[in-house]
Amino acid sequence: MSQIRSLQLKPLNAASLAIPGGDPWLVGAVDPAISVMTDFHERSAVTVADQSPIDAALDHMKHAGVRAAFVLDETRKQVLGIITAYDIQGEKPIRHLQAVGCTHRTCSRDDVLVHDIMEKVEHWQAADVKDVERATVGEVMETMRATGRTHIAVVEKVNGQGERLRGLFSAAKIMRLLRD
């Protein structure tokens with residue numbers, strides 16, 4: 001049986017410590033793309049149920065400090081799509097209500113659920129994590145510019161199980177981190 005060692009602890013010779021994460025984090029166009037990807041191996045994805053009212057989903061995203069959430073099925077085991085704050089605050093809810101024959105007297109925004117306006121997985125264009133590992137921040141931004149996307153999902157292959165969600169790029173996050 002192997003021995004497990006304990007860590008060596010030491011006294012601190014200081015009256016205070018620097019705040020973690022207090023250093024500015026900035027990237028340039030030639031930095032690795034993986035450095036700006038939200039990696040779901042390191043952080044939990046923000047999710048909402050497909051049957052949630054859109055304003056409840058928006059409130060959840062605001063509290064989580066994000067502008068996009070992945071939409072889960074009722075068992076919370078499968079990702080069905082993605083919804084953004086822009087989707088909820090834009091014209092999609094109105095267009096949905098018009099498409100189902102609602103008028104301002106018969107329906108309201110409260111009747112619109114996440115699944116009504118989300119972007120379904122089958123309509124996604126995602127990046128493979130292996131390509132991301134070789135890409136730069138500039139290439140990700142150019143892809144977003146060329147496609148008009150504000151978010152790009154990153155997937156990875158899982159042995160015998162197909163693909164699963166691995167990460168997410170956010171244009172807003174990258175823009176905050178880019179050096180001038």
# chains A, B, ... in the order shown; residues from 1 in each chain; ligands from 1
$ closest_atom_pairs --of "range 51-145 of chain A" --to "range 31-40 of chain A" --cutoff "6 Å" --atoms "only C-alpha atoms" --output "Markdown table"
| residue | atom | partner | partner_atom | distance |
| --- | --- | --- | --- | --- |
| A:Glu133 | CA | A:Ile34 | CA | 5.9 |
| A:Ala135 | CA | A:Ala33 | CA | 5.4 |
| A:Thr136 | CA | A:Ala33 | CA | 4.4 |
| A:Val137 | CA | A:Ala33 | CA | 4.3 |
$ write_last_selection --atoms "N, CA and C atoms" --output "compact mmCIF listing (two decimals), in the first residue's frame"
# COMPACT_ATOMS: atom_id res chain seq x y z
N GLU A 133 -7.94 24.09 -30.70
CA GLU A 133 -6.62 23.97 -30.07
C GLU A 133 -5.49 24.48 -30.97
N ALA A 135 -6.13 27.03 -33.30
CA ALA A 135 -6.58 28.33 -33.82
C ALA A 135 -6.12 29.48 -32.94
N THR A 136 -6.27 30.69 -33.47
CA THR A 136 -5.93 31.91 -32.73
C THR A 136 -7.20 32.69 -32.41
N VAL A 137 -7.07 33.63 -31.50
CA VAL A 137 -8.18 34.51 -31.15
C VAL A 137 -8.66 35.26 -32.40
$ select_by_dssp --residues "chain A" --states "strand (DSSP E)" --output "MDAnalysis selection string"
chainID A and resid 38:39 47:49 68:72 79:84 119:120 127:128 151:158 162:170
$ write_last_selection --atoms "C-alpha atoms" --output "CSV table (one decimal), in the first residue's frame"
chain,number,residue,atom,x,y,z
A,38,THR,CA,-15.3,29.1,-21.8
A,39,ASP,CA,-14.3,25.5,-21.2
A,47,THR,CA,-28.6,26.3,-18.8
A,48,VAL,CA,-32.4,26.9,-18.9
A,49,ALA,CA,-35.3,24.5,-19.4
A,68,ALA,CA,-26.4,33.1,-23.7
A,69,ALA,CA,-27.7,29.9,-22.1
A,70,PHE,CA,-28.0,26.3,-23.4
A,71,VAL,CA,-31.5,24.9,-23.5
A,72,LEU,CA,-32.1,21.6,-21.9
A,79,VAL,CA,-28.9,20.1,-24.9
A,80,LEU,CA,-31.7,21.1,-27.4
A,81,GLY,CA,-30.4,24.5,-28.4
A,82,ILE,CA,-29.1,27.9,-27.3
A,83,ILE,CA,-30.9,31.1,-26.5
A,84,THR,CA,-29.3,34.6,-26.2
A,119,GLU,CA,-31.7,28.2,-32.0
A,120,LYS,CA,-32.0,24.4,-32.2
A,127,ALA,CA,-16.3,24.3,-34.0
A,128,ASP,CA,-14.4,21.1,-33.1
A,151,HIS,CA,-21.6,32.8,-29.9
A,152,ILE,CA,-19.9,29.7,-31.3
A,153,ALA,CA,-20.3,26.4,-29.6
A,154,VAL,CA,-17.3,24.0,-29.4
A,155,VAL,CA,-17.9,20.3,-29.5
A,156,GLU,CA,-15.7,17.3,-28.9
A,157,LYS,CA,-16.0,13.6,-30.0
A,158,VAL,CA,-16.6,11.1,-27.2
A,162,GLY,CA,-20.9,10.9,-30.7
A,163,GLU,CA,-20.3,14.6,-29.9
A,164,ARG,CA,-20.9,16.6,-26.7
A,165,LEU,CA,-20.7,20.2,-25.9
A,166,ARG,CA,-17.2,21.2,-24.7
A,167,GLY,CA,-17.1,25.0,-24.7
A,168,LEU,CA,-18.4,28.3,-26.0
A,169,PHE,CA,-16.9,31.4,-27.6
A,170,SER,CA,-18.6,34.7,-26.8
$ atom_distance --atom1 "CA of Leu9 in chain A" --atom2 "CA of Glu42 in chain A"
26.4 Å
$ closest_residue --among "A:Pro53, A:Gly28, A:Pro11, A:Pro20" --to "Gly138 in chain A" --atoms "only C-alpha atoms"
A:Gly28
$ select_by_dssp --residues "range 5-78 of chain A" --states "alpha helix (DSSP H)" --output "list in words"
Ile54, Asp55, Ala56, Ala57, Leu58, Asp59, His60, Met61, Lys62, His63 and Ala64 of chain A
$ write_last_selection --atoms "C-alpha atoms" --output "mmCIF file, in the first residue's frame"
data_model
loop_
_atom_site.group_PDB
_atom_site.id
_atom_site.type_symbol
_atom_site.label_atom_id
_atom_site.label_comp_id
_atom_site.auth_asym_id
_atom_site.auth_seq_id
_atom_site.Cartn_x
_atom_site.Cartn_y
_atom_site.Cartn_z
ATOM 1 C CA ILE A 54 -38.355 33.743 -21.955
ATOM 2 C CA ASP A 55 -38.265 36.501 -19.341
ATOM 3 C CA ALA A 56 -37.439 33.959 -16.610
ATOM 4 C CA ALA A 57 -34.606 32.686 -18.807
ATOM 5 C CA LEU A 58 -33.356 36.240 -19.313
ATOM 6 C CA ASP A 59 -33.406 36.885 -15.555
ATOM 7 C CA HIS A 60 -31.438 33.666 -15.001
ATOM 8 C CA MET A 61 -28.823 34.736 -17.560
ATOM 9 C CA LYS A 62 -28.540 38.192 -15.956
ATOM 10 C CA HIS A 63 -27.976 36.651 -12.514
ATOM 11 C CA ALA A 64 -25.333 34.330 -13.991
#
$ residues_around --residues "Ser52 in chain A" --least-positions-apart "2" --cutoff "6 Å" --atoms "only C-alpha atoms" --output "ChimeraX atom specification"
/A:49-50,113-114
$ closest_residue --among "A:Val46, A:Ile174, A:Glu139, A:Ala85" --to "Trp25 in chain A" --atoms "only C-alpha atoms"
A:Ile174
